[in-house]
file coords-v3.cif (mmCIF, C-alpha atoms)
data_target
loop_
_atom_site.label_atom_id
_atom_site.label_comp_id
_atom_site.auth_asym_id
_atom_site.auth_seq_id
_atom_site.Cartn_x
_atom_site.Cartn_y
_atom_site.Cartn_z
CA MET A 4 7.71 -28.43 29.01
CA ALA A 5 4.06 -27.42 29.10
CA GLU A 6 1.59 -30.13 28.22
CA ILE A 7 -1.64 -29.52 26.36
CA PRO A 8 -4.55 -31.03 28.30
CA ILE A 9 -6.98 -33.34 26.50
CA LEU A 10 -10.50 -33.32 27.98
CA LYS A 11 -13.06 -36.05 27.43
CA ILE A 12 -16.67 -35.07 26.74
CA GLY A 13 -18.82 -38.16 26.16
CA ASP A 14 -17.19 -39.92 23.23
CA CYS A 15 -15.41 -36.76 22.10
CA LEU A 16 -12.03 -35.35 23.02
CA LEU A 17 -11.48 -31.63 23.45
CA VAL A 18 -8.07 -30.09 22.95
CA SER A 19 -7.72 -26.41 23.70
CA ILE A 20 -4.52 -24.89 22.36
CA GLN A 21 -3.65 -21.82 24.38
CA VAL A 22 0.13 -21.63 24.18
CA ASP A 23 2.55 -21.07 21.32
CA MET A 24 3.07 -24.30 19.44
CA HIS A 25 6.50 -25.57 18.55
CA ASP A 26 7.74 -28.78 17.01
CA ARG A 27 8.17 -30.84 20.14
CA LEU A 28 4.87 -29.73 21.67
CA ALA A 29 3.09 -30.57 18.43
CA LEU A 30 4.67 -34.04 18.31
CA ALA A 31 3.80 -34.63 21.97
CA LEU A 32 0.21 -33.57 21.30
CA GLN A 33 -0.06 -35.93 18.34
CA ASP A 34 1.30 -38.78 20.51
CA ASP A 35 -1.06 -38.06 23.41
CA LEU A 36 -4.08 -37.54 21.20
CA THR A 37 -3.70 -40.73 19.17
CA GLU A 38 -3.22 -42.74 22.36
CA ARG A 39 -6.29 -41.18 23.97
CA ILE A 40 -8.45 -41.77 20.87
CA VAL A 41 -7.61 -45.46 21.03
CA ALA A 42 -7.87 -45.72 24.83
CA ASP A 43 -11.19 -43.86 25.13
CA HIS A 44 -12.75 -45.18 21.91
CA ALA A 45 -13.32 -41.54 20.96
CA ARG A 46 -15.38 -40.86 17.85
CA GLY A 47 -14.70 -37.14 17.62
CA VAL A 48 -11.83 -34.73 18.27
CA MET A 49 -12.39 -31.03 18.79
CA ILE A 50 -9.44 -28.66 18.58
CA ASP A 51 -10.22 -25.26 20.04
CA ILE A 52 -7.97 -22.52 18.68
CA SER A 53 -9.97 -19.53 19.91
CA ALA A 54 -7.02 -18.40 22.01
CA LEU A 55 -4.62 -18.32 19.07
CA GLU A 56 -4.05 -14.94 17.50
CA ILE A 57 -1.45 -16.22 15.07
CA VAL A 58 -1.82 -19.40 13.07
CA ASP A 59 1.05 -20.00 10.68
CA SER A 60 1.67 -22.69 8.11
CA PHE A 61 3.25 -24.86 10.81
CA ILE A 62 0.11 -24.97 12.93
CA GLY A 63 -1.96 -25.34 9.79
CA ARG A 64 0.00 -28.45 8.84
CA MET A 65 -0.24 -29.78 12.38
CA LEU A 66 -4.04 -29.45 12.28
CA ASN A 67 -4.13 -31.27 8.95
CA ASN A 68 -1.90 -34.03 10.35
CA ILE A 69 -4.05 -34.50 13.44
CA ALA A 70 -7.16 -34.67 11.25
CA ALA A 71 -5.56 -37.29 9.01
CA MET A 72 -4.41 -39.39 11.99
CA SER A 73 -7.84 -39.21 13.63
CA ARG A 74 -9.50 -40.23 10.39
CA VAL A 75 -7.33 -43.35 10.29
CA LEU A 76 -8.49 -44.11 13.85
CA ASP A 77 -12.14 -43.52 12.80
CA ALA A 78 -12.65 -40.24 14.61
CA VAL A 79 -13.75 -36.97 12.99
CA THR A 80 -11.75 -33.82 13.70
CA VAL A 81 -13.42 -30.42 14.01
CA VAL A 82 -11.43 -27.23 14.44
CA VAL A 83 -13.46 -24.69 16.40
CA GLY A 84 -13.22 -21.07 17.43
CA MET A 85 -11.06 -19.68 14.65
CA ARG A 86 -10.89 -15.88 14.70
CA PRO A 87 -11.82 -13.90 11.57
CA ALA A 88 -8.32 -12.43 11.25
CA VAL A 89 -6.79 -15.91 11.49
CA ALA A 90 -9.18 -17.24 8.84
CA ILE A 91 -8.25 -14.44 6.46
CA THR A 92 -4.53 -14.99 7.07
CA LEU A 93 -4.81 -18.73 6.42
CA VAL A 94 -6.71 -18.13 3.19
CA GLU A 95 -4.12 -15.58 2.05
CA LEU A 96 -1.41 -18.13 2.84
CA GLY A 97 -3.24 -20.58 0.60
CA LEU A 98 -4.05 -22.93 3.49
CA GLY A 99 -7.71 -23.83 3.18
CA LEU A 100 -7.40 -26.67 5.72
CA THR A 101 -9.46 -28.70 3.27
CA GLY A 102 -9.07 -31.95 5.18
CA VAL A 103 -10.48 -30.53 8.40
CA ARG A 104 -14.06 -29.84 9.46
CA THR A 105 -14.67 -26.49 11.11
CA ALA A 106 -17.26 -24.97 13.41
CA LEU A 107 -17.78 -21.56 14.96
CA ASN A 108 -17.61 -22.58 18.61
CA VAL A 109 -17.42 -25.64 20.89
CA ASP A 110 -21.23 -25.90 21.03
CA LYS A 111 -21.64 -26.05 17.28
CA GLY A 112 -18.56 -28.27 16.99
CA LEU A 113 -20.08 -30.80 19.33
CA ALA A 114 -23.37 -30.71 17.40
CA LEU A 115 -21.49 -31.20 14.13
CA ILE A 116 -19.61 -34.22 15.49
CA ARG A 117 -22.89 -35.70 16.76
CA ARG A 118 -24.44 -35.21 13.32
CA ILE A 119 -21.52 -36.83 11.50
CA ILE A 120 -21.35 -39.78 13.88
CA ASP A 121 -25.11 -40.30 13.66
CA SER A 122 -25.16 -40.26 9.88
CA ASP A 123 -22.17 -42.66 9.89
CA SER A 124 -24.01 -45.14 12.07
CA LEU A 125 -27.13 -44.77 9.91
CA ASP A 126 -25.03 -45.70 6.88
CA ALA A 127 -23.58 -48.60 8.81
CA ASP A 128 -27.08 -49.83 9.75
CA ARG A 129 -28.18 -49.63 6.13
CA ASP A 130 -25.19 -51.68 5.06
CA MET B 18 16.90 44.24 -10.00
CA SER B 19 14.19 44.27 -7.38
CA ASP B 20 13.50 47.84 -8.40
CA ASN B 21 12.80 46.68 -11.94
CA ARG B 22 10.66 43.84 -10.76
CA SER B 23 8.38 45.96 -8.73
CA VAL B 24 7.47 48.13 -11.73
CA VAL B 25 4.66 45.73 -12.53
CA LEU B 26 3.52 45.76 -8.93
CA ALA B 27 3.63 49.53 -8.73
CA LEU B 28 1.52 49.75 -11.86
CA ILE B 29 -0.99 47.23 -10.52
CA ASP B 30 -1.18 49.24 -7.32
CA ARG B 31 -1.68 52.54 -9.08
CA HIS B 32 -4.19 51.39 -11.71
CA TYR B 33 -5.91 48.83 -9.54
CA GLN B 34 -9.51 49.87 -10.22
CA ARG B 35 -9.13 50.13 -13.96
CA LEU B 36 -7.23 46.84 -14.20
CA LEU B 37 -9.97 45.09 -12.26
CA THR B 38 -12.69 46.42 -14.56
CA ASP B 39 -10.73 45.47 -17.69
CA TRP B 40 -9.93 42.03 -16.35
CA LEU B 41 -13.57 41.29 -15.50
CA ALA B 42 -14.58 42.43 -18.97
CA CYS B 43 -12.04 40.01 -20.47
CA GLN B 44 -13.28 37.16 -18.33
CA LYS B 45 -16.86 37.87 -19.17
CA ARG B 46 -16.05 37.80 -22.86
CA ASP B 47 -13.96 34.61 -22.74
CA ALA B 48 -15.51 32.42 -20.14
CA LYS B 49 -19.23 33.05 -20.68
CA LEU B 50 -19.78 33.38 -16.97
CA GLY B 51 -23.51 33.19 -17.34
CA ASP B 52 -25.65 34.13 -14.37
CA ALA B 53 -25.18 37.08 -12.07
CA GLN B 54 -24.20 35.00 -9.07
CA ARG B 55 -21.20 33.50 -10.86
CA GLU B 56 -20.23 36.91 -12.13
CA SER B 57 -20.23 38.45 -8.67
CA GLU B 58 -18.23 35.49 -7.42
CA ALA B 59 -15.68 35.94 -10.20
CA ARG B 60 -15.51 39.64 -9.32
CA GLU B 61 -14.86 38.76 -5.70
CA PHE B 62 -12.05 36.36 -6.59
CA ALA B 63 -10.52 38.85 -9.02
CA ARG B 64 -10.60 41.58 -6.36
CA ARG B 65 -8.93 39.34 -3.79
CA PHE B 66 -6.34 38.16 -6.31
CA LEU B 67 -5.30 41.72 -7.14
CA GLU B 68 -5.33 42.68 -3.44
CA GLU B 69 -2.96 39.81 -2.81
CA LEU B 70 -0.64 41.01 -5.60
CA ARG B 71 -0.80 44.55 -4.25
CA ARG B 72 -0.01 43.42 -0.76
CA CYS B 73 3.26 41.73 -1.63
CA ALA B 74 6.31 43.93 -1.84
CA THR B 75 8.21 42.11 -4.54
CA LEU B 76 7.53 39.51 -7.19
CA ALA B 77 10.57 37.53 -6.06
CA GLN B 78 8.54 35.95 -3.30
CA PHE B 79 6.53 34.04 -5.89
CA ASP B 80 9.66 32.25 -7.12
CA ASN B 81 8.85 29.54 -4.65
CA LEU B 82 5.11 29.10 -4.24
CA GLU B 83 5.60 26.65 -1.39
CA ALA B 84 7.17 29.36 0.79
CA PRO B 85 5.18 30.39 3.87
CA GLU B 86 4.71 33.99 2.71
CA CYS B 87 2.78 32.68 -0.30
CA ALA B 88 0.25 30.92 1.93
CA PRO B 89 -2.57 33.49 1.46
CA MET B 90 -2.16 33.33 -2.33
CA ARG B 91 -2.14 29.53 -2.26
CA GLU B 92 -5.27 29.45 -0.13
CA LEU B 93 -7.00 31.86 -2.48
CA LEU B 94 -6.17 29.74 -5.54
CA ASP B 95 -7.16 26.53 -3.73
CA GLU B 96 -10.49 28.07 -2.83
CA LEU B 97 -10.96 29.29 -6.39
CA SER B 98 -10.26 25.90 -7.96
CA ARG B 99 -12.52 24.14 -5.46
CA ALA B 100 -15.37 26.55 -6.20
CA ARG B 101 -14.85 26.14 -9.95
CA LEU B 102 -14.68 22.35 -9.63
CA VAL B 103 -18.02 22.24 -7.82
CA GLN B 104 -19.59 24.43 -10.50
CA GLY B 105 -18.38 22.06 -13.20
CA PHE B 106 -15.67 24.18 -14.84
CA SER B 107 -12.97 22.33 -16.78
CA PRO B 108 -9.32 22.58 -15.68
CA SER B 109 -8.43 24.92 -18.54
CA GLU B 110 -11.39 27.18 -17.81
CA THR B 111 -10.21 27.34 -14.21
CA ALA B 112 -6.64 28.22 -15.16
CA THR B 113 -7.92 30.79 -17.64
CA PHE B 114 -9.12 32.83 -14.68
CA VAL B 115 -5.50 33.62 -13.81
CA LEU B 116 -4.13 33.67 -17.34
CA SER B 117 -6.79 36.10 -18.57
CA LEU B 118 -5.17 38.79 -16.44
CA LYS B 119 -2.38 38.91 -19.04
CA GLU B 120 -4.39 40.83 -21.60
CA PRO B 121 -5.38 43.82 -19.43
CA LEU B 122 -2.03 43.78 -17.66
CA PHE B 123 0.03 43.84 -20.86
CA GLU B 124 -2.27 46.54 -22.20
CA LEU B 125 -1.57 48.54 -19.05
CA LEU B 126 2.18 48.02 -19.39
CA ARG B 127 2.10 49.07 -23.03
CA ARG B 128 0.21 52.22 -22.14
CA GLU B 129 2.54 53.15 -19.29
CA ILE B 130 6.02 52.19 -20.53
CA GLY B 131 5.32 51.54 -24.20
CA ASP B 132 7.99 54.01 -25.26
CA ASN B 133 10.71 51.98 -23.59
CA ALA B 134 10.84 48.79 -25.70
CA GLU B 135 13.50 47.08 -23.65
CA GLY B 136 11.77 47.82 -20.35
CA LEU B 137 8.43 46.73 -21.75
CA ALA B 138 9.82 43.37 -22.91
CA ARG B 139 11.42 42.78 -19.54
CA GLU B 140 8.27 43.63 -17.59
CA ILE B 141 6.09 41.51 -19.83
CA TRP B 142 8.46 38.60 -19.38
CA THR B 143 8.34 39.01 -15.58
CA ALA B 144 4.57 39.24 -15.52
CA THR B 145 4.18 36.25 -17.85
CA GLY B 146 6.41 34.12 -15.65
CA LEU B 147 4.45 35.04 -12.57
CA LEU B 148 1.00 34.51 -14.07
CA ASP B 149 2.00 31.21 -15.71
CA LYS B 150 3.23 29.94 -12.39
CA LEU B 151 0.05 30.94 -10.62
CA GLY B 152 -2.06 29.48 -13.43
CA LEU B 153 -0.22 26.17 -13.25
CA TYR B 154 -0.67 26.12 -9.51
CA THR B 155 -4.41 26.61 -9.98
CA THR B 156 -4.58 23.66 -12.37
CA GLU B 157 -2.60 21.51 -9.99
CA SER B 158 -4.87 22.45 -7.15
CA TYR B 159 -7.88 21.66 -9.32
CA VAL B 160 -6.56 18.19 -10.09
CA ARG B 161 -5.66 17.61 -6.46
CA THR B 162 -9.16 18.54 -5.34
CA ARG B 163 -10.66 16.26 -7.95
CA GLU B 164 -8.49 13.37 -6.81
CA GLU B 165 -9.65 13.95 -3.25
CA VAL B 166 -13.25 13.77 -4.39
CA ILE B 167 -12.58 10.54 -6.28
CA ARG B 168 -10.84 8.98 -3.29
CA ARG B 169 -13.68 9.91 -0.98
CA GLN B 170 -16.26 8.51 -3.37
CA GLN B 171 -14.30 5.28 -3.69
CA GLN B 172 -14.27 4.92 0.08
CA GLU B 173 -18.00 5.61 0.29
CA LEU B 174 -18.65 3.10 -2.47
CA LEU B 175 -16.70 0.45 -0.57
CA GLU B 176 -18.72 1.02 2.57
CA LEU B 177 -22.01 1.19 0.71
CA SER B 178 -21.66 -1.90 -1.38
CA THR B 179 -20.85 -4.57 1.18
CA PRO B 180 -23.87 -5.21 3.36
CA VAL B 181 -24.28 -8.52 5.15
CA VAL B 182 -27.96 -9.37 5.64
CA GLU B 183 -29.43 -11.88 8.06
CA LEU B 184 -32.05 -13.71 6.00
CA TRP B 185 -33.09 -16.18 8.64
CA ASP B 186 -31.88 -17.35 11.99
CA GLY B 187 -28.47 -18.81 11.13
CA VAL B 188 -28.59 -17.83 7.45
CA LEU B 189 -26.63 -14.83 6.19
CA ALA B 190 -26.82 -13.28 2.73
CA LEU B 191 -24.08 -11.31 1.06
CA PRO B 192 -25.42 -9.52 -2.01
CA LEU B 193 -22.39 -8.39 -4.00
CA ILE B 194 -22.80 -5.39 -6.28
CA GLY B 195 -20.05 -4.29 -8.64
CA THR B 196 -16.65 -5.68 -9.48
CA LEU B 197 -14.70 -7.57 -6.86
CA ASP B 198 -11.16 -6.25 -6.55
CA SER B 199 -8.66 -7.11 -3.83
CA ALA B 200 -9.54 -4.18 -1.56
CA ARG B 201 -13.25 -4.91 -1.74
CA THR B 202 -12.74 -8.62 -1.21
CA GLN B 203 -10.84 -7.82 1.96
CA ILE B 204 -13.70 -5.69 3.29
CA VAL B 205 -16.36 -8.18 2.18
CA MET B 206 -14.48 -10.98 3.86
CA GLU B 207 -13.98 -9.08 7.09
CA SER B 208 -17.60 -8.00 7.40
CA LEU B 209 -18.88 -11.48 6.53
CA LEU B 210 -16.62 -13.17 9.10
CA GLU B 211 -17.54 -10.63 11.78
CA ARG B 212 -21.21 -11.30 11.16
CA ILE B 213 -20.66 -15.07 11.27
CA VAL B 214 -19.12 -14.63 14.73
CA THR B 215 -21.85 -12.32 16.08
CA SER B 216 -24.83 -14.18 14.60
CA GLY B 217 -23.48 -17.71 14.85
CA ALA B 218 -24.67 -18.38 11.32
CA GLU B 219 -23.89 -21.72 9.72
CA ILE B 220 -24.81 -20.86 6.16
CA ALA B 221 -23.88 -17.84 4.08
CA ILE B 222 -25.45 -17.17 0.70
CA ILE B 223 -23.19 -15.18 -1.60
CA ASP B 224 -25.30 -13.58 -4.30
CA ILE B 225 -23.42 -12.41 -7.39
CA THR B 226 -26.39 -11.07 -9.37
CA GLY B 227 -24.81 -7.60 -9.23
CA VAL B 228 -21.32 -8.69 -10.28
CA PRO B 229 -21.02 -7.70 -13.95
CA THR B 230 -18.26 -10.12 -14.95
CA VAL B 231 -16.59 -13.12 -13.39
CA ASP B 232 -13.02 -13.59 -14.56
CA THR B 233 -10.26 -15.66 -13.01
CA LEU B 234 -9.37 -12.90 -10.55
CA VAL B 235 -12.94 -12.41 -9.32
CA ALA B 236 -13.31 -16.19 -9.06
CA GLN B 237 -10.16 -16.38 -7.00
CA HIS B 238 -11.50 -13.70 -4.65
CA LEU B 239 -14.79 -15.59 -4.35
CA ILE B 240 -12.93 -18.79 -3.53
CA LYS B 241 -10.93 -16.98 -0.86
CA THR B 242 -14.07 -15.60 0.76
CA ILE B 243 -15.74 -19.00 0.64
CA SER B 244 -12.80 -20.82 2.21
CA ALA B 245 -12.40 -18.16 4.93
CA ALA B 246 -16.09 -18.59 5.82
CA ARG B 247 -15.62 -22.35 5.84
CA LEU B 248 -12.72 -22.00 8.28
CA MET B 249 -15.13 -20.16 10.57
CA GLY B 250 -17.52 -23.09 10.34
CA ALA B 251 -20.01 -21.61 7.89
CA ASP B 252 -20.90 -23.22 4.56
CA CYS B 253 -21.36 -20.98 1.55
CA ILE B 254 -23.91 -21.19 -1.22
CA LEU B 255 -23.29 -19.21 -4.38
CA SER B 256 -26.40 -17.77 -5.98
CA GLY B 257 -27.47 -15.35 -8.65
CA ILE B 258 -25.34 -16.84 -11.41
CA ARG B 259 -26.56 -15.47 -14.70
CA PRO B 260 -26.51 -17.69 -17.81
CA GLN B 261 -23.64 -15.77 -19.44
CA ILE B 262 -21.61 -16.01 -16.25
CA ALA B 263 -22.19 -19.76 -16.04
CA GLN B 264 -20.86 -20.00 -19.59
CA THR B 265 -17.84 -17.82 -18.76
CA ILE B 266 -17.01 -19.93 -15.71
CA VAL B 267 -17.04 -23.11 -17.78
CA HIS B 268 -15.11 -21.57 -20.69
CA LEU B 269 -12.41 -20.30 -18.33
CA GLY B 270 -12.23 -23.74 -16.72
CA LEU B 271 -12.80 -22.31 -13.25
CA GLU B 272 -13.42 -24.79 -10.47
CA LEU B 273 -15.37 -23.04 -7.71
CA ASN B 274 -15.98 -26.19 -5.62
CA VAL B 275 -19.06 -24.75 -4.00
CA ILE B 276 -22.77 -25.41 -4.05
CA SER B 277 -24.29 -22.98 -6.50
CA LYS B 278 -27.87 -22.06 -7.19
CA ALA B 279 -29.31 -19.99 -9.99
CA THR B 280 -31.42 -17.77 -7.76
CA MET B 281 -31.36 -16.47 -4.23
CA SER B 282 -34.73 -18.11 -3.49
CA SER B 283 -33.51 -21.62 -4.30
CA ALA B 284 -30.39 -20.93 -2.24
CA LEU B 285 -32.57 -19.87 0.70
CA ALA B 286 -34.71 -22.99 0.28
CA LEU B 287 -31.58 -25.15 0.46
CA ALA B 288 -30.28 -23.22 3.46
CA LEU B 289 -33.56 -23.72 5.33
CA ARG B 290 -33.54 -27.43 4.52
CA ARG B 291 -29.96 -27.69 5.74
CA THR B 292 -30.78 -25.98 9.02
CA GLY B 293 -33.73 -28.29 9.48
CA LYS B 294 -36.51 -25.80 8.86
CA VAL B 295 -39.57 -26.30 6.71
CA VAL B 296 -41.63 -23.65 5.00
CA VAL B 297 -45.23 -24.80 4.67
CA ASP B 298 -47.90 -23.46 2.36
CA ARG B 299 -50.89 -23.09 4.71
CA ALA B 300 -53.62 -23.49 2.09
CA LYS B 301 -52.07 -26.67 0.73
CA SER B 302 -51.33 -28.16 4.14
CA ALA B 303 -54.92 -27.47 5.20
CA ALA B 304 -56.16 -29.21 2.09
CA ALA B 305 -53.80 -32.15 2.44
CA PRO B 306 -55.57 -33.99 5.32
CA ALA B 307 -58.82 -33.95 3.39
CA GLU B 308 -57.31 -35.95 0.54
#
call {"tool": "encode", "arguments": {"input": "coords-v3.cif", "output": "structure tokens"}}
result
Amino acid sequence: MAEIPILKIGDCLLVSIQVDMHDRLALALQDDLTERIVADHARGVMIDISALEIVDSFIGRMLNNIAAMSRVLDAVTVVVGMRPAVAITLVELGLGLTGVRTALNVDKGLALIRRIIDSDSLDADRD
Amino acid sequence: MSDNRSVVLALIDRHYQRLLTDWLACQKRDAKLGDAQRESEAREFARRFLEELRRCATLAQFDNLEAPECAPMRELLDELSRARLVQGFSPSETATFVLSLKEPLFELLRREIGDNAEGLAREIWTATGLLDKLGLYTTESYVRTREEVIRRQQQELLELSTPVVELWDGVLALPLIGTLDSARTQIVMESLLERIVTSGAEIAIIDITGVPTVDTLVAQHLIKTISAARLMGADCILSGIRPQIAQTIVHLGLELNVISKATMSSALALALRRTGKVVVDRAKSAAAPAE
């Protein structure tokens, strides 16, 4: 079974989904990702879906789940690289992915994570 | 039977010139053709119409207007209704062109075979059937042409009314004009998302100054556009909300869940602040150090 690689960039993790997702692969990814967040003390998770032409409700739910799990482990999740057609389809399906942050590409995603982490630590300092 | 049928045709053929003159006189009296150019055009159409009738051997071929041998007649009537449509004639005025042939034609029949009552009735019935059919076809063609025009205008309107403007580096504006229906929302959404990809914008200002009413359906379309842009990593600001529309939104209990500003300028100010840019008034900033 193919495995989805998880790359480490600073204190962020980058997951690039380039194959068709199915149940077992999604579960394996959730396992791997949560372990890596804990092991690497990651503060941000970027999921790149620029290679996906079809995003159905299953993948939508998986993205929401990953975001929720990361949040519990104190990491922000940003979905990057969504295609216009995919965005329209998701909206028509009624999946706004409201629990997930989004960015146009990996560059902007990384900047967004930086910004969120920085403002978090500012808040923490103030407390 | 076909012998009987062609009596009308034979008469048209024989008295062609006189029929044409009478017919044009009738049209001139009824339709108030006005200027000379229109009159010569009507004469041209009338001449071609009669030529077409003369050319065909039997009236039976007009039983089915869709048949290939009726193609020249169909084309003529299509051309006629298109020309009349452009000149602003009404459908009934257009059909009258064909139907007005009845008067001179019946007059001709009465003159020629008036002594044979049974024959006259039969010929008049044949001619009426034919002319009614052709008249109806003209009306149909008129309506079809008009529908084409409407469809084309709709398409042009769609393309015209959905520009995406780059206000600043990383700030897009989407001034919406007119009502938002499903088809337009689709096009608006597509063009906005395409521009987000090409320009890498992080903020899109949706201006609804030109949207006459916001009901639940329009609101739903707005929400869809906003969430699609969010999925692409761009935040939306809604601007140009008129006082009445603000009231409507509250009365309908709509929850837009988006930052909204009354005017485009305040939306742009917010967008600039968000992207970390500052607009400075030079006179004031020059004066400031002196204080």
call {"tool": "closest_residue", "arguments": {"input": "coords-v3.cif", "among": "B:Glu129, B:Leu184, B:Phe66, B:Arg101", "to": "Leu148 in chain B", "atoms": "only C-alpha atoms"}}
result
B:Phe66
call {"tool": "atom_distance", "arguments": {"input": "coords-v3.cif", "atom1": "CA of Arg27 in chain A", "atom2": "CA of Ala71 in chain A"}}
result
18.8 Å
call {"tool": "closest_atom_pairs", "arguments": {"input": "coords-v3.cif", "of": "range 142-214 of chain B", "to": "range 91-101 of chain A", "cutoff": "12 Å", "atoms": "only C-alpha atoms", "output": "tab-separated table"}}
result
residue	atom	partner	partner_atom	distance
B:Ser199	CA	A:Glu95	CA	11.3
B:Thr202	CA	A:Ile91	CA	10.6
B:Gln203	CA	A:Ile91	CA	8.4
B:Ile204	CA	A:Ile91	CA	10.8
B:Val205	CA	A:Ile91	CA	11.1
B:Met206	CA	A:Ile91	CA	7.6
B:Glu207	CA	A:Ile91	CA	7.9
B:Ser208	CA	A:Ile91	CA	11.4
B:Leu209	CA	A:Ile91	CA	11.0
B:Leu210	CA	A:Ile91	CA	8.9
B:Glu211	CA	A:Ile91	CA	11.4
call {"tool": "resolve_selection", "arguments": {"input": "coords-v3.cif", "expression": "the PyMOL selection byres ((chain A and resi 65) around 12)", "output": "PyMOL selection string"}}
result
chain A and resi 20+24-33+50+58-64+66-72+82+98+100+102-103
call {"tool": "residues_around", "arguments": {"input": "coords-v3.cif", "residues": "Leu36 in chain A", "least_positions_apart": "4", "cutoff": "12 Å", "atoms": "all atoms listed in the file", "output": "ChimeraX atom specification"}}
result
/A:6-11,15-19,28-32,40-45,47-50,68-70,72-73,76,78,80
call {"tool": "write_last_selection", "arguments": {"input": "coords-v3.cif", "atoms": "C-alpha atoms", "output": "mmCIF file, in the coordinates of the input"}}
result
data_model
loop_
_atom_site.group_PDB
_atom_site.id
_atom_site.type_symbol
_atom_site.label_atom_id
_atom_site.label_comp_id
_atom_site.auth_asym_id
_atom_site.auth_seq_id
_atom_site.Cartn_x
_atom_site.Cartn_y
_atom_site.Cartn_z
ATOM 1 C CA GLU A 6 1.590 -30.130 28.220
ATOM 2 C CA ILE A 7 -1.640 -29.520 26.360
ATOM 3 C CA PRO A 8 -4.550 -31.030 28.300
ATOM 4 C CA ILE A 9 -6.980 -33.340 26.500
ATOM 5 C CA LEU A 10 -10.500 -33.320 27.980
ATOM 6 C CA LYS A 11 -13.060 -36.050 27.430
ATOM 7 C CA CYS A 15 -15.410 -36.760 22.100
ATOM 8 C CA LEU A 16 -12.030 -35.350 23.020
ATOM 9 C CA LEU A 17 -11.480 -31.630 23.450
ATOM 10 C CA VAL A 18 -8.070 -30.090 22.950
ATOM 11 C CA SER A 19 -7.720 -26.410 23.700
ATOM 12 C CA LEU A 28 4.870 -29.730 21.670
ATOM 13 C CA ALA A 29 3.090 -30.570 18.430
ATOM 14 C CA LEU A 30 4.670 -34.040 18.310
ATOM 15 C CA ALA A 31 3.800 -34.630 21.970
ATOM 16 C CA LEU A 32 0.210 -33.570 21.300
ATOM 17 C CA ILE A 40 -8.450 -41.770 20.870
ATOM 18 C CA VAL A 41 -7.610 -45.460 21.030
ATOM 19 C CA ALA A 42 -7.870 -45.720 24.830
ATOM 20 C CA ASP A 43 -11.190 -43.860 25.130
ATOM 21 C CA HIS A 44 -12.750 -45.180 21.910
ATOM 22 C CA ALA A 45 -13.320 -41.540 20.960
ATOM 23 C CA GLY A 47 -14.700 -37.140 17.620
ATOM 24 C CA VAL A 48 -11.830 -34.730 18.270
ATOM 25 C CA MET A 49 -12.390 -31.030 18.790
ATOM 26 C CA ILE A 50 -9.440 -28.660 18.580
ATOM 27 C CA ASN A 68 -1.900 -34.030 10.350
ATOM 28 C CA ILE A 69 -4.050 -34.500 13.440
ATOM 29 C CA ALA A 70 -7.160 -34.670 11.250
ATOM 30 C CA MET A 72 -4.410 -39.390 11.990
ATOM 31 C CA SER A 73 -7.840 -39.210 13.630
ATOM 32 C CA LEU A 76 -8.490 -44.110 13.850
ATOM 33 C CA ALA A 78 -12.650 -40.240 14.610
ATOM 34 C CA THR A 80 -11.750 -33.820 13.700
#
call {"tool": "resolve_selection", "arguments": {"input": "coords-v3.cif", "expression": "the PyMOL selection byres ((chain B and resi 121) around 10)", "output": "PyMOL selection string"}}
result
chain B and resi 35-43+117-120+122-127
call {"tool": "write_last_selection", "arguments": {"input": "coords-v3.cif", "atoms": "C-alpha atoms", "output": "CSV table (one decimal), keeping the file's coordinate frame"}}
result
chain,number,residue,atom,x,y,z
B,35,ARG,CA,-9.1,50.1,-14.0
B,36,LEU,CA,-7.2,46.8,-14.2
B,37,LEU,CA,-10.0,45.1,-12.3
B,38,THR,CA,-12.7,46.4,-14.6
B,39,ASP,CA,-10.7,45.5,-17.7
B,40,TRP,CA,-9.9,42.0,-16.4
B,41,LEU,CA,-13.6,41.3,-15.5
B,42,ALA,CA,-14.6,42.4,-19.0
B,43,CYS,CA,-12.0,40.0,-20.5
B,117,SER,CA,-6.8,36.1,-18.6
B,118,LEU,CA,-5.2,38.8,-16.4
B,119,LYS,CA,-2.4,38.9,-19.0
B,120,GLU,CA,-4.4,40.8,-21.6
B,122,LEU,CA,-2.0,43.8,-17.7
B,123,PHE,CA,0.0,43.8,-20.9
B,124,GLU,CA,-2.3,46.5,-22.2
B,125,LEU,CA,-1.6,48.5,-19.0
B,126,LEU,CA,2.2,48.0,-19.4
B,127,ARG,CA,2.1,49.1,-23.0
call {"tool": "axis_aligned_box", "arguments": {"input": "coords-v3.cif", "around": "range 170-178 of chain B", "padding_each_side": "4 Å", "output": "AutoDock Vina command-line options"}}
result
--center_x -18.1 --center_y 3.3 --center_z -0.6 --size_x 15.7 --size_y 18.4 --size_z 14.3
call {"tool": "atom_distance", "arguments": {"input": "coords-v3.cif", "atom1": "CA of Arg139 in chain B", "atom2": "CA of Leu153 in chain B"}}
result
21.2 Å
call {"tool": "interface_residues", "arguments": {"input": "coords-v3.cif", "of": "chain B", "to": "chain A", "cutoff": "7 Å", "atoms": "only C-alpha atoms", "output": "JSON, numbers by chain"}}
result
{"B": [207, 210, 211, 217, 241, 244, 245, 247, 248, 249, 250]}
call {"tool": "atom_distance", "arguments": {"input": "coords-v3.cif", "atom1": "CA of Val109 in chain A", "atom2": "CA of Ile12 in chain A"}}
result
11.1 Å
call {"tool": "decode", "arguments": {"input": "coords-v3.cif", "residues": "range 69-75 of chain A", "atoms": "C-alpha atoms", "output": "compact mmCIF listing (two decimals), in the first residue's frame"}}
result
# COMPACT_ATOMS: atom_id res chain seq x y z
CA ILE A 69 -6.97 16.02 10.61
CA ALA A 70 -7.53 19.68 11.46
CA ALA A 71 -9.43 18.76 14.63
CA MET A 72 -6.75 16.26 15.71
CA SER A 73 -3.95 18.76 15.07
CA ARG A 74 -5.79 21.40 17.04
CA VAL A 75 -5.93 19.05 20.03
